[in-house]
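For reference, input-v4.cif (mmCIF, C-alpha atoms):
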data_protein
#
loop_
_atom_site.label_atom_id
_atom_site.label_comp_id
_atom_site.auth_asym_id
_atom_site.auth_seq_id
_atom_site.Cartn_x
_atom_site.Cartn_y
_atom_site.Cartn_z
CA MET A 1284 110.78 121.08 34.55
CA ARG A 1285 110.05 124.27 32.63
CA MET A 1286 109.49 122.32 29.42
CA PHE A 1287 107.09 120.00 31.23
CA ARG A 1288 105.08 122.97 32.53
CA VAL A 1289 104.89 124.43 29.03
CA PHE A 1290 103.71 121.06 27.67
CA LEU A 1291 101.11 120.70 30.42
CA GLY A 1292 99.84 124.21 29.82
CA CYS A 1293 99.48 123.55 26.10
CA LEU A 1294 97.65 120.29 26.76
CA MET A 1295 95.19 121.94 29.14
CA PHE A 1296 94.58 124.71 26.61
CA LEU A 1297 93.82 122.19 23.87
CA LEU A 1298 91.48 120.18 26.08
CA ALA A 1299 89.65 123.32 27.21
CA GLY A 1300 89.08 124.25 23.59
CA GLN A 1301 87.35 120.98 22.70
CA PRO A 1302 83.62 121.30 22.05
CA ALA A 1303 81.24 119.59 24.45
CA ALA A 1304 79.78 116.28 23.30
CA GLN A 1305 76.21 116.75 22.09
CA MET A 1306 73.35 114.50 23.12
CA PRO A 1307 71.99 112.71 20.04
CA LYS A 1308 68.30 112.93 19.26
CA GLY A 1309 66.20 110.74 21.50
CA GLU A 1310 64.54 110.49 24.91
CA TYR A 1311 66.77 110.97 27.97
CA LEU A 1312 66.15 110.39 31.67
CA ASP A 1313 68.79 111.79 34.03
CA GLY A 1314 70.48 109.42 36.45
CA HIS A 1315 72.02 112.35 38.37
CA ASP A 1316 75.04 110.98 40.30
CA SER A 1317 74.79 107.46 38.88
CA ARG A 1318 77.85 106.22 37.02
CA VAL A 1319 75.81 103.73 35.00
CA ALA A 1320 73.70 104.24 31.87
CA VAL A 1321 71.66 102.26 29.38
CA VAL A 1322 71.43 103.29 25.71
CA LEU A 1323 68.36 101.88 23.96
CA ALA A 1324 67.59 101.40 20.25
CA HIS A 1325 64.00 100.96 19.03
CA GLY A 1326 62.63 98.68 16.35
CA GLN A 1327 61.72 99.28 12.70
CA GLY A 1328 59.04 101.92 12.20
CA LEU A 1329 58.98 102.81 15.91
CA ASP A 1330 60.39 105.70 17.93
CA PRO A 1331 62.46 106.38 21.10
CA ASP A 1332 59.41 106.19 23.34
CA GLY A 1333 57.64 103.36 21.54
CA ASN A 1334 56.77 99.89 22.77
CA VAL A 1335 59.55 97.93 24.49
CA VAL A 1336 62.09 100.79 24.71
CA GLY A 1337 59.68 103.33 26.23
CA PRO A 1338 58.53 101.27 29.22
CA LEU A 1339 62.00 99.77 29.70
CA ARG A 1340 63.88 103.07 29.81
CA ARG A 1341 61.46 104.42 32.42
CA ALA A 1342 61.57 101.27 34.54
CA ILE A 1343 65.39 101.16 34.60
CA ASN A 1344 65.62 104.81 35.56
CA LYS A 1345 62.98 104.46 38.28
CA GLU A 1346 64.17 101.18 39.82
CA LEU A 1347 67.94 101.51 39.44
CA GLY A 1348 68.44 105.25 39.09
CA PHE A 1349 70.56 104.78 35.95
CA HIS A 1350 70.78 107.28 33.12
CA THR A 1351 68.71 106.05 30.18
CA LEU A 1352 69.02 107.39 26.66
CA SER A 1353 66.63 105.96 24.08
CA LEU A 1354 67.97 106.90 20.66
CA SER A 1355 66.10 107.98 17.57
CA MET A 1356 67.40 105.37 15.14
CA PRO A 1357 67.45 105.68 11.33
CA THR A 1358 64.18 104.93 9.58
CA LEU A 1359 63.27 104.53 5.92
CA PRO A 1360 60.05 106.07 4.55
CA GLY A 1361 57.71 103.39 3.30
CA ALA A 1362 59.91 100.56 4.56
CA LYS A 1363 58.01 99.58 7.68
CA SER A 1364 57.11 96.09 6.51
CA PRO A 1365 59.23 93.39 8.19
CA ASP A 1366 59.74 91.87 4.73
CA LEU A 1367 61.75 94.97 3.73
CA PHE A 1368 64.27 94.72 6.56
CA GLU A 1369 67.21 94.21 4.20
CA GLU A 1370 66.80 97.77 2.92
CA TYR A 1371 67.95 98.97 6.35
CA ALA A 1372 71.51 97.75 5.78
CA ALA A 1373 72.24 101.12 4.11
CA THR A 1374 71.35 102.93 7.35
CA PHE A 1375 73.79 101.06 9.59
CA PRO A 1376 76.70 103.55 9.28
CA ASP A 1377 74.29 106.28 10.43
CA ALA A 1378 73.13 104.05 13.30
CA TYR A 1379 76.73 103.48 14.38
CA GLY A 1380 77.30 107.22 14.46
CA ARG A 1381 74.29 107.78 16.70
CA ILE A 1382 75.43 105.06 19.09
CA ARG A 1383 78.95 106.53 19.26
CA SER A 1384 77.48 109.98 19.95
CA ALA A 1385 75.44 108.53 22.82
CA LEU A 1386 78.49 106.84 24.36
CA ASP A 1387 80.56 110.03 24.05
CA TYR A 1388 77.84 112.21 25.52
CA LEU A 1389 77.22 110.02 28.55
CA LYS A 1390 80.89 109.62 29.33
CA GLN A 1391 82.04 113.18 28.68
CA GLU A 1392 79.05 115.20 29.83
CA LYS A 1393 77.44 112.95 32.47
CA GLY A 1394 80.49 111.26 33.98
CA VAL A 1395 79.15 107.77 33.25
CA GLU A 1396 81.66 104.95 33.70
CA ARG A 1397 79.66 101.89 32.58
CA ILE A 1398 77.23 101.82 29.68
CA TYR A 1399 74.92 98.99 28.65
CA LEU A 1400 73.57 98.86 25.10
CA MET A 1401 70.04 97.62 24.39
CA GLY A 1402 68.24 96.83 21.14
CA HIS A 1403 64.78 95.63 20.13
CA SER A 1404 64.09 94.06 16.73
CA MET A 1405 65.80 96.27 14.08
CA GLY A 1406 67.45 98.13 16.93
CA GLY A 1407 68.87 94.77 17.97
CA ARG A 1408 70.27 94.22 14.48
CA MET A 1409 71.91 97.67 14.57
CA THR A 1410 73.34 97.44 18.08
CA THR A 1411 74.73 93.91 17.73
CA ALA A 1412 76.32 94.89 14.41
CA PHE A 1413 77.89 97.91 16.12
CA LEU A 1414 79.35 95.72 18.87
CA ALA A 1415 80.60 93.15 16.38
CA ASP A 1416 82.35 95.85 14.34
CA ASN A 1417 83.58 97.80 17.38
CA PRO A 1418 84.89 95.26 19.92
CA ASP A 1419 86.73 97.98 21.85
CA ALA A 1420 83.66 100.20 22.31
CA PRO A 1421 83.13 101.23 25.96
CA VAL A 1422 80.10 98.97 26.49
CA ALA A 1423 79.73 96.89 29.66
CA GLY A 1424 77.02 94.54 28.40
CA PHE A 1425 74.25 94.01 25.85
CA ILE A 1426 70.48 93.70 26.36
CA GLY A 1427 68.53 92.14 23.50
CA VAL A 1428 64.74 91.97 23.32
CA GLY A 1429 63.02 90.31 20.37
CA LEU A 1430 66.23 89.73 18.43
CA LEU A 1431 65.74 88.51 14.86
CA ALA A 1432 67.97 86.67 12.42
CA GLY A 1433 67.72 86.48 8.65
CA GLY A 1434 69.84 88.22 6.05
CA LYS A 1435 73.58 88.55 5.82
CA GLU A 1436 75.96 90.50 8.03
CA PRO A 1437 75.51 93.08 9.43
CA LEU A 1438 71.74 92.49 9.46
CA ASN A 1439 71.80 89.01 10.96
CA THR A 1440 71.71 89.33 14.74
CA ASN A 1441 72.70 85.70 15.29
CA LEU A 1442 75.88 86.12 13.23
CA ASN A 1443 76.68 89.40 14.98
CA LEU A 1444 76.33 87.92 18.46
CA ARG A 1445 78.95 85.27 17.72
CA LYS A 1446 81.48 88.11 17.69
CA VAL A 1447 80.19 89.94 20.77
CA LYS A 1448 82.31 89.32 23.88
CA VAL A 1449 80.49 91.39 26.52
CA PRO A 1450 77.84 89.87 28.83
CA VAL A 1451 74.46 89.41 27.11
CA ILE A 1452 70.85 88.95 28.17
CA ASP A 1453 68.67 87.64 25.35
CA VAL A 1454 64.95 88.14 26.05
CA TYR A 1455 62.59 86.54 23.52
CA ALA A 1456 58.89 85.83 23.06
CA GLU A 1457 58.49 82.09 23.59
CA ASP A 1458 55.31 81.93 21.51
CA ASP A 1459 56.30 84.00 18.47
CA ARG A 1460 58.82 84.20 15.61
CA ASP A 1461 61.38 85.46 18.12
CA ALA A 1462 61.69 81.92 19.47
CA LYS A 1463 62.84 80.56 16.09
CA ALA A 1464 65.76 82.98 15.96
CA ALA A 1465 66.53 82.45 19.66
CA ALA A 1466 66.77 78.67 19.17
CA PHE A 1467 69.94 79.12 17.11
CA ARG A 1468 71.49 81.16 19.92
CA LYS A 1469 71.13 78.42 22.54
CA ALA A 1470 74.64 77.30 21.64
CA LEU A 1471 75.89 80.64 22.99
CA VAL A 1472 74.33 80.19 26.45
CA SER A 1473 76.98 80.36 29.18
CA ASP A 1474 77.84 82.28 32.33
CA ARG A 1475 78.21 85.28 30.02
CA PHE A 1476 75.18 84.72 27.76
CA VAL A 1477 71.73 84.36 29.35
CA GLN A 1478 68.44 83.62 27.56
CA VAL A 1479 65.07 84.54 29.07
CA PRO A 1480 61.87 83.32 27.37
CA VAL A 1481 58.65 85.28 27.90
CA ALA A 1482 55.69 82.91 27.65
CA GLY A 1483 52.63 84.30 25.90
CA ALA A 1484 54.36 87.37 24.49
CA LYS A 1485 54.46 88.48 20.86
CA HIS A 1486 57.17 90.47 19.10
CA ASP A 1487 55.79 93.81 20.33
CA TYR A 1488 55.72 92.57 23.97
CA ARG A 1489 52.54 94.52 24.65
CA GLY A 1490 51.09 93.50 27.99
CA TYR A 1491 54.42 91.98 29.02
CA GLU A 1492 56.34 95.19 29.68
CA ASP A 1493 56.70 94.43 33.39
CA VAL A 1494 58.02 90.93 32.69
CA VAL A 1495 60.65 92.28 30.29
CA ALA A 1496 61.64 95.05 32.69
CA GLY A 1497 61.88 92.62 35.61
CA ALA A 1498 64.20 90.29 33.70
CA VAL A 1499 66.42 93.13 32.47
CA ILE A 1500 66.60 94.93 35.82
CA GLY A 1501 67.44 91.70 37.62
CA TRP A 1502 70.24 91.01 35.14
CA LEU A 1503 71.58 94.56 35.45
CA ARG A 1504 71.68 94.24 39.25
CA LYS A 1505 73.73 91.04 38.92
CA GLN A 1506 76.15 92.69 36.49
CA GLU A 1507 76.67 95.67 38.73
CA ALA A 1508 77.21 93.44 41.76
CA LYS A 1509 80.17 91.70 40.14
#

Could you express the structure from this file as structure tokens?
Amino acid sequence: MRMFRVFLGCLMFLLAGQPAAQMPKGEYLDGHDSRVAVVLAHGQGLDPDGNVVGPLRRAINKELGFHTLSLSMPTLPGAKSPDLFEEYAATFPDAYGRIRSALDYLKQEKGVERIYLMGHSMGGRMTTAFLADNPDAPVAGFIGVGLLAGGKEPLNTNLNLRKVKVPVIDVYAEDDRDAKAAAFRKALVSDRFVQVPVAGAKHDYRGYEDVVAGAVIGWLRKQEAK
């Protein structure tokens, strides 16, 4: 018994000495007592409060009361053109680190139990690659908006998603290049993998923010009701 008490005391001392997890750079909205969070990743050349992620993070927090943390993802100076997307492969290890930091912060400092990961465009490439490479990551589900294919792993979202086992909602612009990439993912549609087309939208989803938010919030409610 005495040895057990000594061991327990040493363990508590070590845990007390661990530094607090730091919130990575981004835009955070507090969910207070909620045990659910959504981590969002913006597209190429955008920012944590840009189109798609900005309206979505606010809508989720307002309607569901969840914590939302929109990350500042790696960017490359002068590489904003969609034709230069392959240059971003070098930034993926950095992106993974930012996602891990977000998961650690929300769990350790905010008491979150379930975390959903969301990505738009390049953010979708980064987040799906993270999930494909980290199947044991504490992520309850994935939200994709404007997911694009093209390139080899880890850049190709379609290849990444074949390895992702968590529930997925795949929102895509029905009248834009997004639809071409989404067509190859129809084979993945199941009880676990849902596709939602947005008629009339383009890749930036401007003017369709409420439609995207409605689809995502409805899906989140269903996941949390299970």

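The residue that comes closest to A:Glu1392, out of A:Gly1501, A:Gly1490, A:Pro1302, A:Pro1376 and on the basis of all atoms listed in the file, is A:Pro1302.
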
Taking a cut-off of 12 Å and counting all atoms listed in the file, can you build a table that, for each residue of stretch 1458-1495 of chain A near stretch 1320-1333 of chain A, reports the nearest atom pair and how far apart they are in Å (one decimal), sorted by chain then residue number, as a Markdown table?
| residue | atom | partner | partner_atom | distance |
| --- | --- | --- | --- | --- |
| A:His1486 | CA | A:Gly1326 | CA | 10.2 |
| A:Asp1487 | CA | A:Gly1326 | CA | 9.3 |
| A:Tyr1488 | CA | A:Gly1333 | CA | 11.2 |
| A:Arg1489 | CA | A:Gly1333 | CA | 10.7 |
| A:Glu1492 | CA | A:Gly1333 | CA | 11.6 |

Task: Residues within 10 Å of A:Ile1452, only C-alpha atoms, excluding chain neighbours under 6 positions, as number ranges by chain - done: A: 1401, 1424-1428, 1472, 1475-1479, 1498-1499, 1502-1503

- [ ] Check what the PyMOL selection byres ((chain A and resi 1393) around 12) selects in the file above and give those residues as JSON, numbers by chain.
- [x] {"A": [1303, 1304, 1305, 1306, 1311, 1312, 1313, 1314, 1315, 1316, 1317, 1318, 1319, 1320, 1349, 1350, 1351, 1352, 1385, 1386, 1387, 1388, 1389, 1390, 1391, 1392, 1394, 1395, 1396, 1397, 1398]}

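In terms of minimum interatomic distance to A:Arg1381, A:Gly1309 ranks closest within A:Pro1480, A:Gly1309, A:Gly1497, A:Pro1360, counting only C-alpha atoms.
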
Task: Matched chain/residue IDs from the PyMOL selection byres ((chain A and resi 1407-1411) around 6), as a ChimeraX atom specification - done: /A:1402-1406,1412-1414,1430,1438,1440,1443

Around all of stretch 1428-1439 of chain A's listed atoms, make the axis-aligned box with 5 Å on each side and tell me centre and edge lengths in Å to one decimal, as JSON.
{"center_x": 69.5, "center_y": 89.8, "center_z": 14.6, "size_x": 22.9, "size_y": 16.6, "size_z": 27.5}

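We find atom CA of A:Lys1469 and atom CA of A:Phe1375 to be spaced 26.2 Å apart.
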
Open item on the list: Given the PyMOL selection byres ((chain A and resi 1371) around 9) and the file above, list the residues it selects as a ChimeraX atom specification.
Closed with: /A:1327,1357-1359,1362,1367-1370,1372-1375,1405,1438

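Atom pair atom CA of A:Glu1457 / atom CA of A:Pro1437: separated by 24.7 Å.
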
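Of the listed residues A:Val1335, A:Ala1462, A:Val1451, A:Ala1496, the one whose atoms come nearest to A:Asp1474 is A:Val1451, with distances taken using all atoms listed in the file.
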
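Taking atom CA of A:Pro1418 and atom CA of A:Val1454 as endpoints, the distance between them is 22.0 Å.
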